[in-house]
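With PDB, C-alpha atoms inside, this is target.pdb:
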```
ATOM      1  CA  MET A  44      79.259  10.654  93.072
ATOM      2  CA  LYS A  45      76.200   9.223  91.367
ATOM      3  CA  GLU A  46      77.227  10.580  87.986
ATOM      4  CA  LEU A  47      79.731   7.704  87.829
ATOM      5  CA  ILE A  48      76.846   5.270  87.332
ATOM      6  CA  ASP A  49      74.259   5.586  84.565
ATOM      7  CA  TYR A  50      71.511   4.106  86.736
ATOM      8  CA  LYS A  51      68.797   4.855  84.159
ATOM      9  CA  ASN A  52      70.424   2.634  81.546
ATOM     10  CA  ILE A  53      71.576  -0.430  83.471
ATOM     11  CA  ARG A  54      71.372  -3.529  81.280
ATOM     12  CA  LYS A  55      73.654  -6.120  82.878
ATOM     13  CA  ILE A  56      74.726  -6.597  86.500
ATOM     14  CA  GLY A  57      77.421  -9.054  87.519
ATOM     15  CA  LEU A  58      77.425 -11.071  90.736
ATOM     16  CA  VAL A  59      80.322 -12.615  92.627
ATOM     17  CA  ALA A  60      79.499 -14.656  95.743
ATOM     18  CA  ARG A  61      81.588 -15.787  98.673
ATOM     19  CA  LEU A  62      83.387 -19.039  97.867
ATOM     20  CA  ASN A  63      82.224 -22.398  99.200
ATOM     21  CA  THR A  64      78.873 -21.040 100.345
ATOM     22  CA  ASP A  65      75.450 -21.891  98.936
ATOM     23  CA  LEU A  66      73.764 -18.530  98.411
ATOM     24  CA  SER A  67      71.129 -19.761  95.941
ATOM     25  CA  SER A  68      68.218 -18.175  97.813
ATOM     26  CA  GLU A  69      69.900 -14.769  97.854
ATOM     27  CA  ILE A  70      70.789 -15.032  94.163
ATOM     28  CA  LEU A  71      67.187 -15.955  93.319
ATOM     29  CA  ILE A  72      65.884 -12.866  95.162
ATOM     30  CA  LEU A  73      68.228 -10.642  93.163
ATOM     31  CA  GLN A  74      67.385 -12.315  89.876
ATOM     32  CA  ASN A  75      63.669 -11.775  90.456
ATOM     33  CA  ILE A  76      64.245  -8.097  91.248
ATOM     34  CA  PHE A  77      66.230  -7.565  88.056
ATOM     35  CA  ASN A  78      63.978  -9.681  85.810
ATOM     36  CA  LYS A  79      61.094  -7.312  86.548
ATOM     37  CA  ARG A  80      63.214  -4.463  85.225
ATOM     38  CA  GLY A  81      64.502  -6.300  82.165
ATOM     39  CA  ILE A  82      68.037  -6.434  83.567
ATOM     40  CA  GLU A  83      70.245  -9.480  83.089
ATOM     41  CA  LEU A  84      72.079 -10.905  86.098
ATOM     42  CA  LEU A  85      75.377 -12.549  85.128
ATOM     43  CA  LEU A  86      76.992 -14.925  87.622
ATOM     44  CA  GLU A  87      80.687 -15.490  88.162
ATOM     45  CA  LYS A  88      81.470 -19.152  87.509
ATOM     46  CA  ASN A  89      82.158 -20.043  91.152
ATOM     47  CA  CYS A  90      78.604 -18.948  92.056
ATOM     48  CA  ILE A  91      77.404 -21.897  89.996
ATOM     49  CA  LEU A  92      79.789 -24.351  91.627
ATOM     50  CA  SER A  93      78.936 -23.210  95.168
ATOM     51  CA  SER A  94      75.149 -23.080  94.790
ATOM     52  CA  ASN A  95      73.617 -26.541  94.994
ATOM     53  CA  GLU A  96      70.076 -25.314  94.342
ATOM     54  CA  ILE A  97      70.766 -23.224  91.256
ATOM     55  CA  ASN A  98      69.444 -25.714  88.706
ATOM     56  CA  LYS A  99      66.429 -26.665  90.840
ATOM     57  CA  LYS A 100      65.429 -23.014  91.172
ATOM     58  CA  LYS A 101      66.054 -22.379  87.460
ATOM     59  CA  LEU A 102      68.557 -19.625  87.955
ATOM     60  CA  VAL A 103      70.699 -18.410  85.090
ATOM     61  CA  CYS A 104      73.320 -21.140  84.844
ATOM     62  CA  SER A 105      75.996 -19.621  82.617
ATOM     63  CA  GLY A 106      79.052 -18.897  84.735
ATOM     64  CA  PHE A 107      81.477 -16.190  83.595
ATOM     65  CA  GLU A 108      85.147 -15.542  84.215
ATOM     66  CA  LEU A 109      85.794 -12.519  86.420
ATOM     67  CA  ASP A 110      87.269 -10.431  83.606
ATOM     68  CA  GLU A 111      84.240 -11.213  81.421
ATOM     69  CA  LEU A 112      81.916  -9.923  84.134
ATOM     70  CA  PHE A 113      83.789  -6.651  84.530
ATOM     71  CA  GLN A 114      83.949  -6.152  80.768
ATOM     72  CA  SER A 115      80.250  -6.881  80.196
ATOM     73  CA  CYS A 116      78.425  -5.471  83.228
ATOM     74  CA  ASP A 117      77.449  -1.980  84.323
ATOM     75  CA  PHE A 118      78.474  -2.735  87.902
ATOM     76  CA  ILE A 119      79.233  -5.752  90.099
ATOM     77  CA  ILE A 120      77.476  -7.082  93.196
ATOM     78  CA  SER A 121      79.661  -8.693  95.853
ATOM     79  CA  LEU A 122      77.542 -11.171  97.831
ATOM     80  CA  GLY A 123      79.391 -12.155 100.994
ATOM     81  CA  GLY A 124      81.405 -10.360 103.643
ATOM     82  CA  ASP A 125      84.000  -7.620 103.543
ATOM     83  CA  GLY A 126      86.627 -10.100 102.343
ATOM     84  CA  THR A 127      84.644 -10.905  99.208
ATOM     85  CA  LEU A 128      84.215  -7.210  98.446
ATOM     86  CA  ILE A 129      87.879  -6.381  99.073
ATOM     87  CA  SER A 130      88.994  -9.209  96.789
ATOM     88  CA  LEU A 131      87.190  -7.460  93.902
ATOM     89  CA  CYS A 132      88.421  -3.914  94.474
ATOM     90  CA  ARG A 133      91.630  -4.119  92.452
ATOM     91  CA  LYS A 134      89.820  -5.668  89.480
ATOM     92  CA  ALA A 135      87.042  -3.085  89.767
ATOM     93  CA  ASN A 136      89.607  -0.279  89.666
ATOM     94  CA  GLU A 137      91.231  -1.813  86.603
ATOM     95  CA  TYR A 138      87.919  -1.740  84.721
ATOM     96  CA  LYS A 139      86.624   1.499  86.313
ATOM     97  CA  LYS A 140      83.502  -0.246  87.603
ATOM     98  CA  ALA A 141      81.587   0.248  90.840
ATOM     99  CA  LEU A 142      80.876  -2.424  93.447
ATOM    100  CA  LEU A 143      77.806  -3.007  95.585
ATOM    101  CA  GLY A 144      78.365  -5.107  98.689
ATOM    102  CA  ILE A 145      75.444  -7.224  99.922
ATOM    103  CA  HIS A 146      76.181  -8.678 103.320
ATOM    104  CA  ALA A 147      76.317 -12.438 103.836
ATOM    105  CA  GLY A 148      79.296 -12.539 106.173
ATOM    106  CA  ARG A 149      80.207 -11.771 109.769
ATOM    107  CA  LEU A 150      81.409  -8.299 110.711
ATOM    108  CA  GLY A 151      80.703  -6.203 107.633
ATOM    109  CA  PHE A 152      82.087  -2.663 107.851
ATOM    110  CA  LEU A 153      82.041  -2.281 104.065
ATOM    111  CA  THR A 154      79.060  -4.333 102.939
ATOM    112  CA  GLY A 155      76.247  -1.889 103.612
ATOM    113  CA  LEU A 156      73.175  -3.927 102.697
ATOM    114  CA  VAL A 157      71.500  -7.216 103.674
ATOM    115  CA  ILE A 158      69.456  -9.270 101.241
ATOM    116  CA  GLN A 159      66.192  -8.500 103.057
ATOM    117  CA  GLU A 160      66.714  -4.838 102.147
ATOM    118  CA  ALA A 161      67.518  -5.489  98.483
ATOM    119  CA  GLN A 162      64.060  -4.814  97.020
ATOM    120  CA  GLY A 163      63.729  -1.477  98.789
ATOM    121  CA  PHE A 164      67.299  -0.506  97.971
ATOM    122  CA  PHE A 165      66.945  -1.167  94.243
ATOM    123  CA  ASP A 166      63.633   0.701  94.120
ATOM    124  CA  GLU A 167      65.578   3.693  95.427
ATOM    125  CA  PHE A 168      68.677   2.972  93.344
ATOM    126  CA  PHE A 169      66.822   3.050  90.022
ATOM    127  CA  SER A 170      65.322   6.372  91.086
ATOM    128  CA  GLY A 171      68.801   7.784  91.634
ATOM    129  CA  ASN A 172      68.703   7.629  95.433
ATOM    130  CA  PHE A 173      72.042   6.102  96.425
ATOM    131  CA  LEU A 174      75.603   7.043  97.375
ATOM    132  CA  VAL A 175      78.936   6.255  95.748
ATOM    133  CA  GLU A 176      81.926   6.447  98.091
ATOM    134  CA  GLU A 177      85.459   6.468  96.683
ATOM    135  CA  PRO A 178      88.087   5.493  99.270
ATOM    136  CA  PHE A 179      91.715   5.744  98.196
ATOM    137  CA  LEU A 180      93.814   2.646  97.577
ATOM    138  CA  LEU A 181      97.477   2.048  98.416
ATOM    139  CA  ASP A 182     100.145   1.892  95.701
ATOM    140  CA  LEU A 183     102.801  -0.788  96.058
ATOM    141  CA  SER A 184     105.846  -0.540  93.780
ATOM    142  CA  LEU A 185     108.157  -3.562  93.712
ATOM    143  CA  LYS A 186     111.515  -3.803  91.940
ATOM    144  CA  ASP A 187     112.997  -7.274  91.685
ATOM    145  CA  LYS A 188     116.704  -8.047  91.717
ATOM    146  CA  ASN A 189     116.849  -7.910  87.925
ATOM    147  CA  GLY A 190     115.477  -4.366  87.905
ATOM    148  CA  ASN A 191     111.991  -5.345  86.736
ATOM    149  CA  LEU A 192     109.200  -3.166  88.153
ATOM    150  CA  LEU A 193     105.911  -4.596  89.401
ATOM    151  CA  GLU A 194     103.036  -2.275  90.346
ATOM    152  CA  LYS A 195     100.230  -3.436  92.649
ATOM    153  CA  THR A 196      97.430  -1.853  94.661
ATOM    154  CA  ALA A 197      95.829  -2.712  97.986
ATOM    155  CA  PHE A 198      92.424  -1.727  99.325
ATOM    156  CA  ASN A 199      92.917  -2.442 103.034
ATOM    157  CA  ASP A 200      96.564  -2.985 103.844
ATOM    158  CA  VAL A 201      99.981  -4.437 103.196
ATOM    159  CA  VAL A 202     101.113  -6.452 106.219
ATOM    160  CA  PHE A 203     104.755  -7.375 106.852
ATOM    161  CA  SER A 204     105.147 -10.448 109.069
ATOM    162  CA  ARG A 205     108.076 -12.397 110.499
ATOM    163  CA  LEU A 206     108.786 -15.674 108.725
ATOM    164  CA  GLN A 207     109.484 -17.796 111.792
ATOM    165  CA  ASP A 208     107.483 -17.938 115.030
ATOM    166  CA  TYR A 209     110.661 -17.945 117.087
ATOM    167  CA  SER A 210     112.288 -15.000 115.288
ATOM    168  CA  MET A 211     111.758 -11.238 115.440
ATOM    169  CA  ALA A 212     111.013  -9.101 112.420
ATOM    170  CA  HIS A 213     113.408  -6.242 111.722
ATOM    171  CA  ILE A 214     111.759  -3.647 109.490
ATOM    172  CA  GLU A 215     113.353  -0.399 108.359
ATOM    173  CA  VAL A 216     111.246   2.375 106.830
ATOM    174  CA  PHE A 217     112.904   5.082 104.712
ATOM    175  CA  ARG A 218     111.628   8.374 103.322
ATOM    176  CA  ASP A 219     113.653  10.335 100.765
ATOM    177  CA  GLY A 220     116.569   8.011 101.403
ATOM    178  CA  LYS A 221     116.624   8.769 105.133
ATOM    179  CA  LEU A 222     115.699   6.340 107.900
ATOM    180  CA  PHE A 223     112.157   7.245 108.973
ATOM    181  CA  ASN A 224     111.641   4.541 111.600
ATOM    182  CA  GLU A 225     112.866   1.106 112.591
ATOM    183  CA  TYR A 226     110.631  -1.642 113.954
ATOM    184  CA  TYR A 227     111.427  -4.802 115.903
ATOM    185  CA  GLY A 228     108.575  -7.181 116.711
ATOM    186  CA  ASP A 229     106.077  -9.402 114.939
ATOM    187  CA  GLY A 230     105.598  -7.107 111.954
ATOM    188  CA  LEU A 231     104.154  -3.905 110.542
ATOM    189  CA  ILE A 232     100.789  -2.936 109.024
ATOM    190  CA  VAL A 233     100.631  -0.287 106.311
ATOM    191  CA  ALA A 234      96.914   0.491 105.991
ATOM    192  CA  SER A 235      94.661   2.782 104.001
ATOM    193  CA  ALA A 236      91.972   4.816 105.731
ATOM    194  CA  ALA A 237      89.392   2.208 104.703
ATOM    195  CA  GLY A 238      91.690  -0.509 106.061
ATOM    196  CA  SER A 239      91.950   1.150 109.462
ATOM    197  CA  THR A 240      88.973  -0.934 110.675
ATOM    198  CA  ALA A 241      90.594  -4.200 109.536
ATOM    199  CA  TYR A 242      93.750  -5.823 110.982
ATOM    200  CA  ASN A 243      94.933  -2.399 112.128
ATOM    201  CA  LEU A 244      92.077  -2.262 114.621
ATOM    202  CA  SER A 245      93.231  -5.447 116.335
ATOM    203  CA  VAL A 246      96.653  -3.929 117.134
ATOM    204  CA  ASN A 247      95.077  -0.797 118.644
ATOM    205  CA  GLY A 248      95.690   1.319 115.572
ATOM    206  CA  PRO A 249      93.516   4.407 115.064
ATOM    207  CA  ILE A 250      90.208   4.400 113.230
ATOM    208  CA  ILE A 251      90.371   6.827 110.300
ATOM    209  CA  TYR A 252      87.378   8.104 108.365
ATOM    210  CA  THR A 253      87.201   6.093 105.139
ATOM    211  CA  LEU A 254      87.516   8.994 102.684
ATOM    212  CA  SER A 255      90.507  10.654 104.375
ATOM    213  CA  GLU A 256      93.568  11.216 102.177
ATOM    214  CA  VAL A 257      95.993   9.582 104.602
ATOM    215  CA  PHE A 258      97.498   6.186 105.345
ATOM    216  CA  LEU A 259      98.999   4.729 108.489
ATOM    217  CA  LEU A 260     101.714   2.521 109.920
ATOM    218  CA  SER A 261     100.914   0.300 112.902
ATOM    219  CA  PRO A 262     103.524  -1.978 114.489
ATOM    220  CA  ILE A 263     102.483  -5.511 115.444
ATOM    221  CA  CYS A 264     103.653  -6.487 118.951
ATOM    222  CA  ALA A 265     106.523  -3.988 118.885
ATOM    223  CA  HIS A 266     109.542  -4.860 120.998
ATOM    224  CA  SER A 267     109.656  -1.250 122.247
ATOM    225  CA  LEU A 268     106.729   0.346 124.053
ATOM    226  CA  THR A 269     107.636   3.698 122.483
ATOM    227  CA  GLN A 270     106.657   2.452 119.003
ATOM    228  CA  ARG A 271     103.161   3.695 118.227
ATOM    229  CA  PRO A 272     100.946   3.905 115.135
ATOM    230  CA  ILE A 273     101.491   6.948 112.956
ATOM    231  CA  VAL A 274      99.190   8.578 110.392
ATOM    232  CA  LEU A 275     100.819  10.020 107.252
ATOM    233  CA  PRO A 276      99.469  12.367 104.563
ATOM    234  CA  ARG A 277      99.363  12.066 100.802
ATOM    235  CA  GLY A 278     102.768  12.688  99.240
ATOM    236  CA  PHE A 279     104.751  10.455 101.573
ATOM    237  CA  GLU A 280     106.414   7.583  99.680
ATOM    238  CA  LEU A 281     108.012   5.045 101.966
ATOM    239  CA  GLU A 282     110.615   2.441 101.114
ATOM    240  CA  ILE A 283     110.541  -0.626 103.330
ATOM    241  CA  LYS A 284     113.375  -3.044 103.997
ATOM    242  CA  ALA A 285     112.137  -6.074 105.902
ATOM    243  CA  LYS A 286     114.617  -8.759 106.874
ATOM    244  CA  GLU A 287     113.254 -12.292 107.137
ATOM    245  CA  CYS A 288     109.701 -11.162 106.389
ATOM    246  CA  SER A 289     106.903 -11.977 104.028
ATOM    247  CA  PHE A 290     104.195  -9.461 103.209
ATOM    248  CA  PHE A 291     100.527  -9.887 102.401
ATOM    249  CA  ILE A 292      98.431  -7.682 100.124
ATOM    250  CA  ASP A 293      94.897  -7.441 101.544
ATOM    251  CA  GLY A 294      95.479 -10.721 103.375
ATOM    252  CA  ARG A 295      95.307 -12.715 100.143
ATOM    253  CA  GLU A 296      98.497 -12.422  98.121
ATOM    254  CA  GLN A 297     101.724 -13.408  99.879
ATOM    255  CA  LEU A 298     105.115 -12.178  98.676
ATOM    256  CA  PHE A 299     108.600 -12.407 100.196
ATOM    257  CA  ALA A 300     110.761  -9.380 100.958
ATOM    258  CA  LYS A 301     113.973 -11.221 100.027
ATOM    259  CA  ASP A 302     112.778 -11.427  96.400
ATOM    260  CA  TYR A 303     112.788  -7.644  95.931
ATOM    261  CA  ALA A 304     115.539  -5.053  95.810
ATOM    262  CA  SER A 305     113.037  -2.292  96.552
ATOM    263  CA  ILE A 306     109.580  -2.158  98.162
ATOM    264  CA  LYS A 307     107.818   1.223  98.068
ATOM    265  CA  LEU A 308     104.399   2.197  99.424
ATOM    266  CA  SER A 309     102.293   5.341  99.183
ATOM    267  CA  LEU A 310      98.716   6.541  99.106
ATOM    268  CA  SER A 311      97.371   6.057  95.597
ATOM    269  CA  GLU A 312      95.454   8.446  93.366
ATOM    270  CA  LYS A 313      93.340   5.394  92.485
ATOM    271  CA  ARG A 314      90.042   4.892  94.260
ATOM    272  CA  ALA A 315      87.548   2.120  94.764
ATOM    273  CA  ARG A 316      83.924   2.917  93.865
ATOM    274  CA  LEU A 317      81.464   1.523  96.397
ATOM    275  CA  ILE A 318      77.671   1.851  96.073
ATOM    276  CA  TYR A 319      75.683   2.386  99.277
ATOM    277  CA  PRO A 320      72.127   3.224 100.356
ATOM    278  CA  GLN A 321      71.368   6.942 100.498
ATOM    279  CA  ASN A 322      71.019   6.839 104.299
ATOM    280  CA  ARG A 323      74.402   5.207 105.019
ATOM    281  CA  ASP A 324      75.974   6.645 108.187
ATOM    282  CA  TYR A 325      79.597   5.586 108.637
ATOM    283  CA  PHE A 326      79.761   6.582 112.295
ATOM    284  CA  GLN A 327      76.524   4.810 113.143
ATOM    285  CA  ILE A 328      77.980   1.657 111.585
ATOM    286  CA  LEU A 329      81.068   1.992 113.781
ATOM    287  CA  LYS A 330      78.859   2.437 116.822
ATOM    288  CA  GLU A 331      76.843  -0.690 116.013
ATOM    289  CA  LYS A 332      79.724  -2.942 114.953
ATOM    290  CA  LEU A 333      82.007  -1.950 117.825
ATOM    291  CA  SER A 334      79.236  -1.707 120.445
ATOM    292  CA  TRP A 335      80.153   1.855 121.388
ATOM    293  CA  GLY A 336      78.275   3.098 124.419
ATOM    294  CA  ASN A 337      77.442  -0.411 125.692
TER     295      ASN A 337
END
```
What do you get writing this file as structure tokens?
Amino acid sequence: MKELIDYKNIRKIGLVARLNTDLSSEILILQNIFNKRGIELLLEKNCILSSNEINKKKLVCSGFELDELFQSCDFIISLGGDGTLISLCRKANEYKKALLGIHAGRLGFLTGLVIQEAQGFFDEFFSGNFLVEEPFLLDLSLKDKNGNLLEKTAFNDVVFSRLQDYSMAHIEVFRDGKLFNEYYGDGLIVASAAGSTAYNLSVNGPIIYTLSEVFLLSPICAHSLTQRPIVLPRGFELEIKAKECSFFIDGREQLFAKDYASIKLSLSEKRARLIYPQNRDYFQILKEKLSWGN
């Protein structure tokens, strides 16, 4: 949906780079591309701290807080791997801004561009030749023991895990007040369609096309062989009771089930906005990354 981005009137582009990695050369390439078009590249403050060569190469040296970038820029570049991109998705949704992932990581299902392709991509981009994909997020509704409500979103998944290595997780899932399923094992993954190629893949969960309006539950090392992943449609709201478990939002934010009287999950109406080259082929990416046919 290209109409979401006014590509003819871009003035400022923000950049967030993978932490603890010197990506000065990549940043310099991008700055040169944008300078020729009269576009300002604004760097998140940690880009400055991580890039030892920034001053030597005379890059823009003003680092910005993340909220400042999203407020000021037309869109944001994530320079790193999928993890860097995912870490920005909730903030991007908050400010209704799009993200462009440039790959400087390992696997890269989501980051659709490498720095060597940047010049050609932006030549096409500023001519209107690009894609915007909008995968759905997950909604997480938490009520603490005092009745306070906390709303969060996840791009990939919410993962429930046992607290102790020697213990077994006991996770109950309810729908409309009725017991939907009960899991014993190491934990449970609740994943979006986009998150189906993340942790879910490692527990033999299904791969789901990124833009599908579904989410899935995949048990982790289930005690019963009859427990299998299940795909659920929009409209299902699940309440999860997880004894002796913590849960992680997109692998970054850890919370503890014991702190909440209610934990509810569903497919969100909210979407991420991800910019890709015009020729992006999701299934070809799967074939290459997963070595299908080899």
Ranking A:Gly155, A:Gly230, A:Gly57, A:Pro276 by minimum distance to Leu329 (chain A) and counting all atoms listed in the file, which one comes first?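 Residue with the minimum atom-to-atom distance to Leu329 (chain A): A:Gly155.
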Give as a ChimeraX atom specification the residues that the PyMOL selection byres ((chain A and resi 153) around 12) matches when applied to the coordinates above. /A:121-129,132,142-152,154-157,176-178,198-199,237-241,253,315-320,323-325,328-329,332
Expected selection from the PyMOL selection byres ((chain A and resi 242-250) around 8), given as a list in words: Ile232, Ala234, Ala236, Gly238, Ser239, Thr240, Ala241, Ile251, Tyr252, Ser261, Pro262, Ile263, Cys264 and Pro272 of chain A
Hey, can you spit out that residue selection with C-alpha atoms as a PDB file, keeping the file's coordinate frame?
```
ATOM      1  CA  ILE A 232     100.789  -2.936 109.024  1.00  0.00           C
ATOM      2  CA  ALA A 234      96.914   0.491 105.991  1.00  0.00           C
ATOM      3  CA  ALA A 236      91.972   4.816 105.731  1.00  0.00           C
ATOM      4  CA  GLY A 238      91.690  -0.509 106.061  1.00  0.00           C
ATOM      5  CA  SER A 239      91.950   1.150 109.462  1.00  0.00           C
ATOM      6  CA  THR A 240      88.973  -0.934 110.675  1.00  0.00           C
ATOM      7  CA  ALA A 241      90.594  -4.200 109.536  1.00  0.00           C
ATOM      8  CA  ILE A 251      90.371   6.827 110.300  1.00  0.00           C
ATOM      9  CA  TYR A 252      87.378   8.104 108.365  1.00  0.00           C
ATOM     10  CA  SER A 261     100.914   0.300 112.902  1.00  0.00           C
ATOM     11  CA  PRO A 262     103.524  -1.978 114.489  1.00  0.00           C
ATOM     12  CA  ILE A 263     102.483  -5.511 115.444  1.00  0.00           C
ATOM     13  CA  CYS A 264     103.653  -6.487 118.951  1.00  0.00           C
ATOM     14  CA  PRO A 272     100.946   3.905 115.135  1.00  0.00           C
TER      15      PRO A 272
END
```
Please compute the CA of Ser130 (chain A)-CA of Val59 (chain A) distance, one decimal, in Å. 10.2 Å
What are the nearest atom pairs, with distances in Å to one decimal, for all residues of region 159-250 of chain A that come at most 9 Å from region 73-87 of chain A, using all atoms listed in the file, set out by chain and rising residue number as CSV?
```
residue,atom,partner,partner_atom,distance
A:Ala161,CA,A:Leu73,CA,7.4
A:Gln162,CA,A:Ile76,CA,6.6
A:Phe165,CA,A:Ile76,CA,8.0
```
Would you compute the distance between CA of Val274 (chain A) and CA of Val257 (chain A)? Give it in Å to one decimal.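 Taking CA of Val274 (chain A) as the start and CA of Val257 (chain A) as the end point, the length is 6.7 Å.
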d(CA of Lys307 (chain A), CA of Ser184 (chain A)) in Å: 5.0 Å
When the PyMOL selection byres ((chain A and resi 180) around 8) is applied to the file above, which residues end up in the set, as number ranges by chain? A: 178-179, 181-182, 196-199, 235, 310-315
Using all atoms listed in the file, find the one residue out of A:Gly190, A:Glu282, A:Ile48, A:Leu254 that sits nearest to Phe223 (chain A). A:Glu282
List the residues sitting within 8 Å of (113.0, -9.8, 104.3) in the file's frame, using all atoms listed in the file, as number ranges by chain. A: 284-289, 299-301
Residues within 8 Å of Gly294 (chain A), please, as an NGL selection string. Count only C-alpha atoms; anything in the same chain fewer than 4 positions from it doesn't count. :A and (200-202)
Of the listed residues A:Leu66, A:Leu222, A:Leu275, A:Leu298, that which approaches Leu260 (chain A) most closely, counting only C-alpha atoms: A:Leu275
Where is the centre and how long are the edges: axis-aligned box on region 67-80 of chain A, 4 Å on each side, Å to one decimal, as lines of an AutoDock Vina configuration file:
```
center_x = 66.1
center_y = -12.1
center_z = 91.5
size_x = 18.0
size_y = 23.3
size_z = 20.6
```
Shell of 6 Å around Tyr303 (chain A), only C-alpha atoms, local chain residues under 5 positions omitted, as a ChimeraX atom specification: /A:186-188
Point out the residue among A:Gln270, A:Ile119, A:Cys90, A:Ala141 with the least atom-to-atom distance to Leu174 (chain A), counting all atoms listed in the file. A:Ala141
Measuring between all atoms listed in the file, which one of A:Gln321, A:Gln297, A:Ser67, A:Asn52 shows the shortest distance to Phe118 (chain A)?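 Once distances to Phe118 (chain A) are computed over all atoms listed in the file, the minimum belongs to A:Asn52.
Around Lys134 (chain A), within 9 Å and counting all atoms listed in the file, the residues found are Leu109, Asp110, Phe113 and Lys140 of chain A, once anything fewer than 6 positions away on its own chain is removed.
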Could you tell me which of A:His266, A:Leu47, A:Gly278, A:Ile273 comes closest to Asp117 (chain A) if we count only C-alpha atoms? A:Leu47
Where atoms are absent from region 313-327 of chain A, fill them in so it carries N, CA, C and O atoms, then output it as a PDB file, in the frame of the given file.
```
ATOM      1  N   LYS A 313      94.425   6.291  92.888  1.00  0.00           N
ATOM      2  CA  LYS A 313      93.340   5.394  92.485  1.00  0.00           C
ATOM      3  C   LYS A 313      92.347   5.219  93.629  1.00  0.00           C
ATOM      4  O   LYS A 313      92.725   5.221  94.802  1.00  0.00           O
ATOM      5  N   ARG A 314      91.095   5.048  93.257  1.00  0.00           N
ATOM      6  CA  ARG A 314      90.042   4.892  94.260  1.00  0.00           C
ATOM      7  C   ARG A 314      89.174   3.693  93.924  1.00  0.00           C
ATOM      8  O   ARG A 314      88.990   3.338  92.755  1.00  0.00           O
ATOM      9  N   ALA A 315      88.637   3.075  94.961  1.00  0.00           N
ATOM     10  CA  ALA A 315      87.548   2.120  94.764  1.00  0.00           C
ATOM     11  C   ALA A 315      86.253   2.911  94.607  1.00  0.00           C
ATOM     12  O   ALA A 315      86.162   4.077  95.028  1.00  0.00           O
ATOM     13  N   ARG A 316      85.248   2.296  93.981  1.00  0.00           N
ATOM     14  CA  ARG A 316      83.924   2.917  93.865  1.00  0.00           C
ATOM     15  C   ARG A 316      82.913   1.976  94.502  1.00  0.00           C
ATOM     16  O   ARG A 316      82.654   0.885  93.983  1.00  0.00           O
ATOM     17  N   LEU A 317      82.360   2.382  95.625  1.00  0.00           N
ATOM     18  CA  LEU A 317      81.464   1.523  96.397  1.00  0.00           C
ATOM     19  C   LEU A 317      80.076   2.160  96.463  1.00  0.00           C
ATOM     20  O   LEU A 317      79.932   3.317  96.859  1.00  0.00           O
ATOM     21  N   ILE A 318      79.064   1.384  96.078  1.00  0.00           N
ATOM     22  CA  ILE A 318      77.671   1.851  96.073  1.00  0.00           C
ATOM     23  C   ILE A 318      77.047   1.553  97.435  1.00  0.00           C
ATOM     24  O   ILE A 318      77.181   0.444  97.965  1.00  0.00           O
ATOM     25  N   TYR A 319      76.333   2.547  97.979  1.00  0.00           N
ATOM     26  CA  TYR A 319      75.683   2.386  99.277  1.00  0.00           C
ATOM     27  C   TYR A 319      74.270   2.977  99.246  1.00  0.00           C
ATOM     28  O   TYR A 319      73.963   3.827  98.394  1.00  0.00           O
ATOM     29  N   PRO A 320      73.423   2.557 100.201  1.00  0.00           N
ATOM     30  CA  PRO A 320      72.127   3.224 100.356  1.00  0.00           C
ATOM     31  C   PRO A 320      72.305   4.702 100.677  1.00  0.00           C
ATOM     32  O   PRO A 320      73.303   5.113 101.269  1.00  0.00           O
ATOM     33  N   GLN A 321      71.318   5.494 100.305  1.00  0.00           N
ATOM     34  CA  GLN A 321      71.368   6.942 100.498  1.00  0.00           C
ATOM     35  C   GLN A 321      71.552   7.314 101.974  1.00  0.00           C
ATOM     36  O   GLN A 321      72.199   8.316 102.301  1.00  0.00           O
ATOM     37  N   ASN A 322      70.998   6.507 102.873  1.00  0.00           N
ATOM     38  CA  ASN A 322      71.019   6.839 104.299  1.00  0.00           C
ATOM     39  C   ASN A 322      72.214   6.249 105.045  1.00  0.00           C
ATOM     40  O   ASN A 322      72.223   6.212 106.276  1.00  0.00           O
ATOM     41  N   ARG A 323      73.229   5.789 104.350  1.00  0.00           N
ATOM     42  CA  ARG A 323      74.402   5.207 105.019  1.00  0.00           C
ATOM     43  C   ARG A 323      75.037   6.231 105.954  1.00  0.00           C
ATOM     44  O   ARG A 323      75.269   7.384 105.582  1.00  0.00           O
ATOM     45  N   ASP A 324      75.334   5.792 107.181  1.00  0.00           N
ATOM     46  CA  ASP A 324      75.974   6.645 108.187  1.00  0.00           C
ATOM     47  C   ASP A 324      77.186   5.894 108.728  1.00  0.00           C
ATOM     48  O   ASP A 324      77.055   4.952 109.515  1.00  0.00           O
ATOM     49  N   TYR A 325      78.361   6.284 108.280  1.00  0.00           N
ATOM     50  CA  TYR A 325      79.597   5.586 108.637  1.00  0.00           C
ATOM     51  C   TYR A 325      79.778   5.491 110.155  1.00  0.00           C
ATOM     52  O   TYR A 325      80.136   4.445 110.696  1.00  0.00           O
ATOM     53  N   PHE A 326      79.510   6.564 110.849  1.00  0.00           N
ATOM     54  CA  PHE A 326      79.761   6.582 112.295  1.00  0.00           C
ATOM     55  C   PHE A 326      78.721   5.766 113.053  1.00  0.00           C
ATOM     56  O   PHE A 326      79.014   5.185 114.099  1.00  0.00           O
ATOM     57  N   GLN A 327      77.517   5.672 112.535  1.00  0.00           N
ATOM     58  CA  GLN A 327      76.524   4.810 113.143  1.00  0.00           C
ATOM     59  C   GLN A 327      76.911   3.346 112.973  1.00  0.00           C
ATOM     60  O   GLN A 327      76.709   2.523 113.869  1.00  0.00           O
TER      61      GLN A 327
END
```
